[in-house]
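Chemist: Once you've had a glance at the structure underneath, I'll fire off some questions.
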Amino acid sequence: MILHAPVPLEDELAAEQAHLDASRQALRRMRERAEALFATGDKVAGDAYTAEQLGRHMARRVAELADDPSTPLFFGRLDFGASAPEAAADAAGRPDHGDPAGLPGTDPAADHAGRAYHVGRRHVTDSAGEPLVLDWRAPVSRSFYRASARDPQGVAVRRRFGFSSGTLTSFEDEHLDRGEELGTASRILTAEIERPRVGPMRDIVATIQPEQDELVRADLADSICVQGAPGTGKTAVGLHRAAYLLYLHRERLRRSGVLIVGPNRVFLSYIAAVLPALGEVEVAQATVADLVGRVEVRAVDEPAVTALKHDPRMAEVLRRAVDWHVTEPTEPITVSDGSFRWRIGLDPLHRLVTETRRERLPYATGRDRVRARVVGLLQRQAEARRAESPGDAWLRRMGRSRPVTDFLDAVWPALTPEGLVHRLLADPELLATAADGLLTPAEQAALTWAKPARTPKATRWTAADAVLVDEAAGLIERPTGFGHVVVDEAQDLSPMQCRAIARRSEHGSLTLLGDLAQGTAPWAATDWRETLAHLGKPDAVVVPLTVGFRVPAAVVAFANRLLPLLAVDVPPAVSLRHDGTLDVRAVTDLAAATVAEVRAALGHAGSVGVIAADDAVDELRAALATAGVPTGDPEDVEAAARVTVVPATGVKGLEYDHVVVVEPSAIVAAEPRGLHRLYVVLTRAVSRLTVLHTVPLPAPLADAG
Ligand SMILES: Nc1ncnc2c1ncn2[C@@H]1O[C@H](COP(=O)(O)OP(=O)(O)OP(=O)(O)O)[C@@H](O)[C@H]1O
């Protein structure tokens, strides 16, 4: 498109709407074409395997081309000036897959001077292959997020569109070439941030801020750790980085996979729609419990035992317990193949075991290696005697022969992760050997089961046991890893959970997102360096995010009164929101006051979250039900109910337009890191926060009142 001469605003908006309609039609055509190919794919594929692969590829392509009628296909436009130099010459950040031919931004030499591009959620091309909408991740789109009056990157005008139900309603121009720049004063950005929240989390592609964009577009090779106060967009950044990396390294990451790790199922369902909305339909999501889910969890440990099992010393205890199973050979091997008897003496067997030990392979691989080496020695003897090499069948038979297997079972017995942990926690002698100098006798006693189950299968495992079994699995087998892992709420990971993630990202990179002030686990991090070391990425950069997009300034100021008590060193956030209200009220009847408050809140648009100490939740739900106010299940983010009663321990990462916090002191008293929990709870509000209490507020908040 060539730059237009000035035209009346309504005509301009109508022209943009026409461009949107044309883009929608073109996307429909692209999808229909993909669907047609999908339908005929099995006829053109030569064999069943190819047909299946092709089918999967086509199904994915069709899903990627889905159109969400409630959001426009583009949200911005870049008009390059008559001479647009460096934005185009950006060879870095080009995708590793074939983009539709001729798309600007894929050709570093392309000249953007005098051209205009619409920037949206995905590439849309017309039937001639000309771009109607550019993907926000394309190199040239970067200027949409980064160009400024000081560094216009060749952009003359940046346009942002306002929309309602998928129709364009307004636009806002910044003439960067004339030194005009709105920054966070943009009306459209403000409207997006202040938009009432209902249902699951949405993408932020239209309004990614420069400091966020820098993280989103960080190299695949770089592991980064984002420390950000509540609502600074950490989750959003992590998800958009996943989408960006998938665009840029599609083939590589499709093979190795991208994984998002979140604190719980509710959180994962809250964020689940973001990546599909960006056309990314193949990203795995899991809680840490899912990752280490080899055994079914059916019991709970005492808190002190849980803490011990999550202690990094347990990694060394398990390593020693695995090593302990390898013993020195005591007998030579004598084996017959029917024609001859072969013998391997103790010396070569010693050498072979020592050598294999030194290689520090996963235990099961080591066992295979020892077997292969024994067979190798037999093979050499056979070659020397018969002057010809024995065949594969002979080698296999010898490898599986009784004497060889007996030897292996004696010096390098087969182990399962469950079997190892079962034995360690059931057998005080093995534990004493493995934990010598690492765990005190009292700690060992605390770990040992009073009444162990007879078998691993019959064991009632705890969540912490599952982490130990996963660690054991890492020592015994080699787990498959991911090309990139995004970990949210990372401040709550225990050292042993970090190791579980490290095993899955050993050959890939990490995006770690968290806030030390929101650490509520007993082992919560106080220093990102330690967490990063346990994750195997000690050199990752720690980048702060400080601009808050969720919590209004008055609410941030209230919550920040807790910060000095949280014993962490984090940069305070500044809120972009100067609207919003804070209402702190002493009441006599909590249930009645909550019902009244929720009723009042329903007079506004958006979601209402009632947050209370876990043991108070049922009563509040019942009170609301009796008063005829329907409440939804926190797990069901798509549900129509606008009111949710959420236990304090389940709100991490979530947000509601209006939050009613019931009895803060009870939330604090409920757990050792109760003040950190309260800080999380107070920072969930998008527009309005009401605090109801019958007993005095925790000290720093009472001062505020
Ligand atoms: N650039 C942006 N434009 C518009 N909205 C944004 C932007 N960045 C973040 N937001 C919005 O701000 C809210 C908070 O973002 P997000 O949940 O990612 O923050 P967080 O740092 O992970 O918060 P917490 O620490 O509480 O988990 C979300 O509604 C998100 O969509």
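In the structure tokens, the first chain shown is A, the next is B, and so on; residue numbers restart at 1 for each chain, and ligands run from 1 in the order shown.
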For ligand 1, list the contacting residues at 8 Å or closer, counting only C-alpha atoms and all ligand atoms, as a CSV table (one decimal) with C-alpha atoms, in the first residue's frame.
Modeler:
```csv
chain,number,residue,atom,x,y,z
A,189,LEU,CA,-3.3,1.3,25.4
A,190,THR,CA,-5.2,2.8,28.3
A,192,GLU,CA,-7.0,-2.1,26.7
A,193,ILE,CA,-5.5,-2.1,30.2
A,197,ARG,CA,-11.9,-8.7,32.6
A,201,MET,CA,-6.6,-14.4,29.9
A,202,ARG,CA,-6.2,-12.6,26.6
A,203,ASP,CA,-3.2,-11.9,24.4
A,204,ILE,CA,-1.5,-8.5,24.6
A,205,VAL,CA,0.0,-8.4,21.0
A,206,ALA,CA,-1.7,-5.1,20.3
A,207,THR,CA,-0.1,-3.3,23.2
A,208,ILE,CA,3.2,-5.0,24.1
A,209,GLN,CA,5.5,-2.4,25.6
A,212,GLN,CA,8.3,-6.4,27.4
A,228,GLY,CA,8.4,-8.4,38.2
A,229,ALA,CA,6.0,-7.0,40.7
A,230,PRO,CA,2.4,-8.2,40.5
A,231,GLY,CA,0.7,-7.4,37.2
A,232,THR,CA,3.8,-6.2,35.3
A,233,GLY,CA,3.0,-8.7,32.6
A,234,LYS,CA,5.4,-11.6,33.4
A,235,THR,CA,2.9,-14.3,32.4
A,236,ALA,CA,2.0,-12.3,29.2
A,237,VAL,CA,5.6,-11.9,28.3
A,238,GLY,CA,6.4,-15.6,28.8
A,488,ASP,CA,5.7,-19.2,35.7
A,489,GLU,CA,5.6,-18.4,39.5
A,513,LEU,CA,9.0,-15.7,35.5
A,514,GLY,CA,8.4,-14.7,39.1
A,515,ASP,CA,8.3,-12.3,42.0
A,518,GLN,CA,5.1,-13.5,46.1
A,548,GLY,CA,2.2,-2.5,36.5
A,549,PHE,CA,-0.7,-3.0,34.1
A,550,ARG,CA,-3.2,-4.6,36.4
A,652,LYS,CA,-1.7,-16.8,42.3
A,653,GLY,CA,-1.5,-15.4,38.8
A,654,LEU,CA,-5.2,-14.7,38.5
A,655,GLU,CA,-7.1,-11.4,38.4
A,680,VAL,CA,-0.5,-11.9,46.5
A,683,THR,CA,-2.6,-7.5,44.2
A,684,ARG,CA,-5.3,-9.4,42.2
A,686,VAL,CA,-7.9,-4.8,38.2
```
Chemist: Running DSSP on the backbone, which parts of range 459-645 of chain A land in alpha helix (DSSP H), as an NGL selection string?
Modeler: :A and (463-476 or 495-504 or 528-534 or 553-560 or 590-601 or 617-626)
Chemist: Pick out the closest residue to Val295 in chain A from this set: A:Leu620, A:Leu253, A:Ala458, A:Leu361. Count only C-alpha atoms.
Modeler: A:Ala458
Chemist: Using only C-alpha atoms, can you tell me which of A:Leu13, A:Ser141, A:Asp290, A:Ala299 comes closest to Phe163 in chain A?
Modeler: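 Ranking A:Leu13, A:Ser141, A:Asp290, A:Ala299 by distance to Phe163 in chain A, first place goes to A:Leu13.
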Chemist: Within 12 Å of Arg369 in chain A, counting only C-alpha atoms, which residues qualify if same-chain residues fewer than 2 places away don't, as a PyMOL selection string?
Modeler: chain A and resi 352-357+359-367+371-376+399+408+412
Chemist: Any idea what's packed within 12 Å of range 480-484 of chain A, counting only C-alpha atoms, ignoring anything in its chain fewer than 2 positions away? Could you give it as an MDAnalysis selection string?
Modeler: chainID A and resid 219:224 238:239 241:246 249:261 283:285 291 473:474 477:478 486:487 500:512
Chemist: Which one is closest to Ala554 in chain A: A:Arg150, A:Arg137, A:Arg577, A:Arg28? Count only C-alpha atoms.
Modeler: A:Arg577
